[in-house]
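Participant: This is the structure I have questions about; it appears just below.
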Amino acid sequence: MRRARELLLGPFLAADYLSVRNDVDNVITHRLAGLKYLDSMGRLIIGDDEAVALAIEHLGSMSAFGLVDRYPESAALIRLSGVNLPGHLERTNDLASLRESSGFELVETQAIDEETEAEIQRCTRLDQRVYEWACCEFERRSRRPAASAGSRET
């Protein structure tokens with residue numbers, strides 16, 4: 001957090017910090033592919049395409065998953081898979097609640113120049129591919145009849 005406060009966004013993302021790689025750099029793909037494919041410095045030890053393929057394979061094998069931007073539909077689809085969720089799920093991890101939290105510090109909004117945009121794209125390039133697949137798969141699963149929704153193995 002100290003480094004994030006000390007640097008502008010672009011240089012922070014470009015810096016060779018383990019914490020950036022672990023918490024920001026294509027983190028969805030890294031977690032879904034498996035941490036065993038990262039070296040001790042948080043760098044992939046396999047190629048980008050292989051990491052994306054593994055992430056998609058692992059996500060696809062789950063009986064259900066959700067998309068934050070489709071939260072209510074996600075909860076319904078997860079329930080259809082047989083997971084017992086409470087009747088009402090309140091979303092609490094959003095920007096408004098973070099602003100009210102004592103554990104976070106408000107920072108100034110920064111303009112996104114071309115270099116910063118390039119770093120954002122670099123840090124999300126694999127996650128974007130996984131997310132695009134997840135959106136298509138979520139749509140497919142959402143259209144599936146309820147009787148077969150929970151038939152996938154975990």
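As shown in the structure tokens, the chain order sets the letters A, B, ...; within each chain, residues go from 1, and ligands are also counted from 1 in the order they appear.
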Please provide the set of residues having any atom within 7 Å of Ala33 of chain A, restricted to only C-alpha atoms, with same-chain residues fewer than 6 positions apart removed, written as a VMD selection string.
Facilitator: chain A and resid 51 54 to 55 58
Participant: What are the nearest atom pairs, with distances in Å to one decimal, for all residues of segment 108-131 of chain A that come at most 10 Å from segment 12-24 of chain A, using only C-alpha atoms, set out by chain and rising residue number as JSON lines?
Facilitator:
```
{"residue": "A:Glu115", "atom": "CA", "partner": "A:Ala14", "partner_atom": "CA", "distance": 9.6}
{"residue": "A:Thr116", "atom": "CA", "partner": "A:Leu13", "partner_atom": "CA", "distance": 8.1}
{"residue": "A:Ala118", "atom": "CA", "partner": "A:Ala14", "partner_atom": "CA", "distance": 9.6}
{"residue": "A:Glu119", "atom": "CA", "partner": "A:Leu13", "partner_atom": "CA", "distance": 6.1}
{"residue": "A:Ile120", "atom": "CA", "partner": "A:Leu13", "partner_atom": "CA", "distance": 7.3}
{"residue": "A:Arg122", "atom": "CA", "partner": "A:Leu13", "partner_atom": "CA", "distance": 9.0}
{"residue": "A:Cys123", "atom": "CA", "partner": "A:Val24", "partner_atom": "CA", "distance": 6.7}
{"residue": "A:Thr124", "atom": "CA", "partner": "A:Val24", "partner_atom": "CA", "distance": 8.2}
```
Participant: Name the residues in contact with Leu44 of chain A at a cut-off of 9 Å, using only C-alpha atoms, excluding same-chain residues fewer than 5 positions from it; report them as a list of chain:residue names.
Facilitator: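 Within the cut-off, the hits are A:His30, A:Leu35, A:Tyr37, A:Leu38, A:Asp39, A:Ala51.
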Participant: Quick check for you: according to DSSP on this backbone, which residues of segment 12-57 of chain A are classed as alpha helix (DSSP H)? Reply as a list in words.
Facilitator: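 Taking segment 12-57 of chain A and keeping alpha helix (DSSP H) gives Phe12, Leu13, Ala14, Leu18, Ser19, Val20, Arg21, Asn22, Asp23, Val27, Ile28, Thr29, His30, Arg31, Leu32, Ala33, Asp48, Asp49, Glu50, Ala51, Val52, Ala53, Leu54, Ala55, Ile56 and Glu57 of chain A.
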Participant: Under the rule that only C-alpha atoms are counted, which of A:Cys136, A:Leu9, A:Arg3, A:Val130 is the nearest residue to Leu32 of chain A?
Facilitator: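 Ranked by minimum distance to Leu32 of chain A, first place goes to A:Val130.
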Participant: Between A:Gly10, A:Gly82, A:Gly42, A:Gly103, single out the one closest to Val27 of chain A, counting only C-alpha atoms.
Facilitator: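 For Val27 of chain A, the nearest of the candidates is A:Gly42.
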Participant: Counting only C-alpha atoms, which residue out of A:Ile28, A:Ile78, A:Met41, A:Leu7 sits closest to Phe138 of chain A?
Facilitator: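 Comparing A:Ile28, A:Ile78, A:Met41, A:Leu7 against Phe138 of chain A, the winner is A:Ile78.
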Participant: Counting only C-alpha atoms, which of A:Ala64, A:Arg5, A:Asp49, A:Glu100 gets nearest to Ala76 of chain A?
Facilitator: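 The shortest atom-to-atom distance to Ala76 of chain A comes from A:Ala64.
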Participant: Wanna dump the segment 31-97 of chain A-segment 104-108 of chain A contacts at 12 Å for me, each residue with its shortest atom pair and the distance in Å to one decimal, counting only C-alpha atoms, ordered by chain and number, as a Markdown table?
Facilitator:
```
| residue | atom | partner | partner_atom | distance |
| --- | --- | --- | --- | --- |
| A:Leu95 | CA | A:Phe104 | CA | 10.5 |
| A:Ala96 | CA | A:Leu106 | CA | 11.2 |
| A:Ser97 | CA | A:Phe104 | CA | 10.0 |
```
Participant: Distance atom CA of Thr29 of chain A-atom CA of Tyr71 of chain A, one decimal place?
Facilitator: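 Separation between atom CA of Thr29 of chain A and atom CA of Tyr71 of chain A: 20.2 Å.
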Participant: Which residue, A:Arg43, A:Ser74, A:Trp133, A:Ile112, has the smallest gap to Leu8 of chain A when you use only C-alpha atoms?
Facilitator: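 Of A:Arg43, A:Ser74, A:Trp133, A:Ile112, the one nearest Leu8 of chain A is A:Ile112, counting only C-alpha atoms.
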Participant: To one decimal place in Å, what is the distance between atom CA of Arg31 of chain A and atom CA of Arg129 of chain A?
Facilitator: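 Between these atoms lies a distance of 14.3 Å.
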Participant: So, with only C-alpha atoms as the atoms that count, which of A:Ile46, A:Ala134, A:Leu126, A:Ala111 lies closest to Gly66 of chain A?
Facilitator: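 Looking at the shortest contact to Gly66 of chain A, the residue is A:Ala134.
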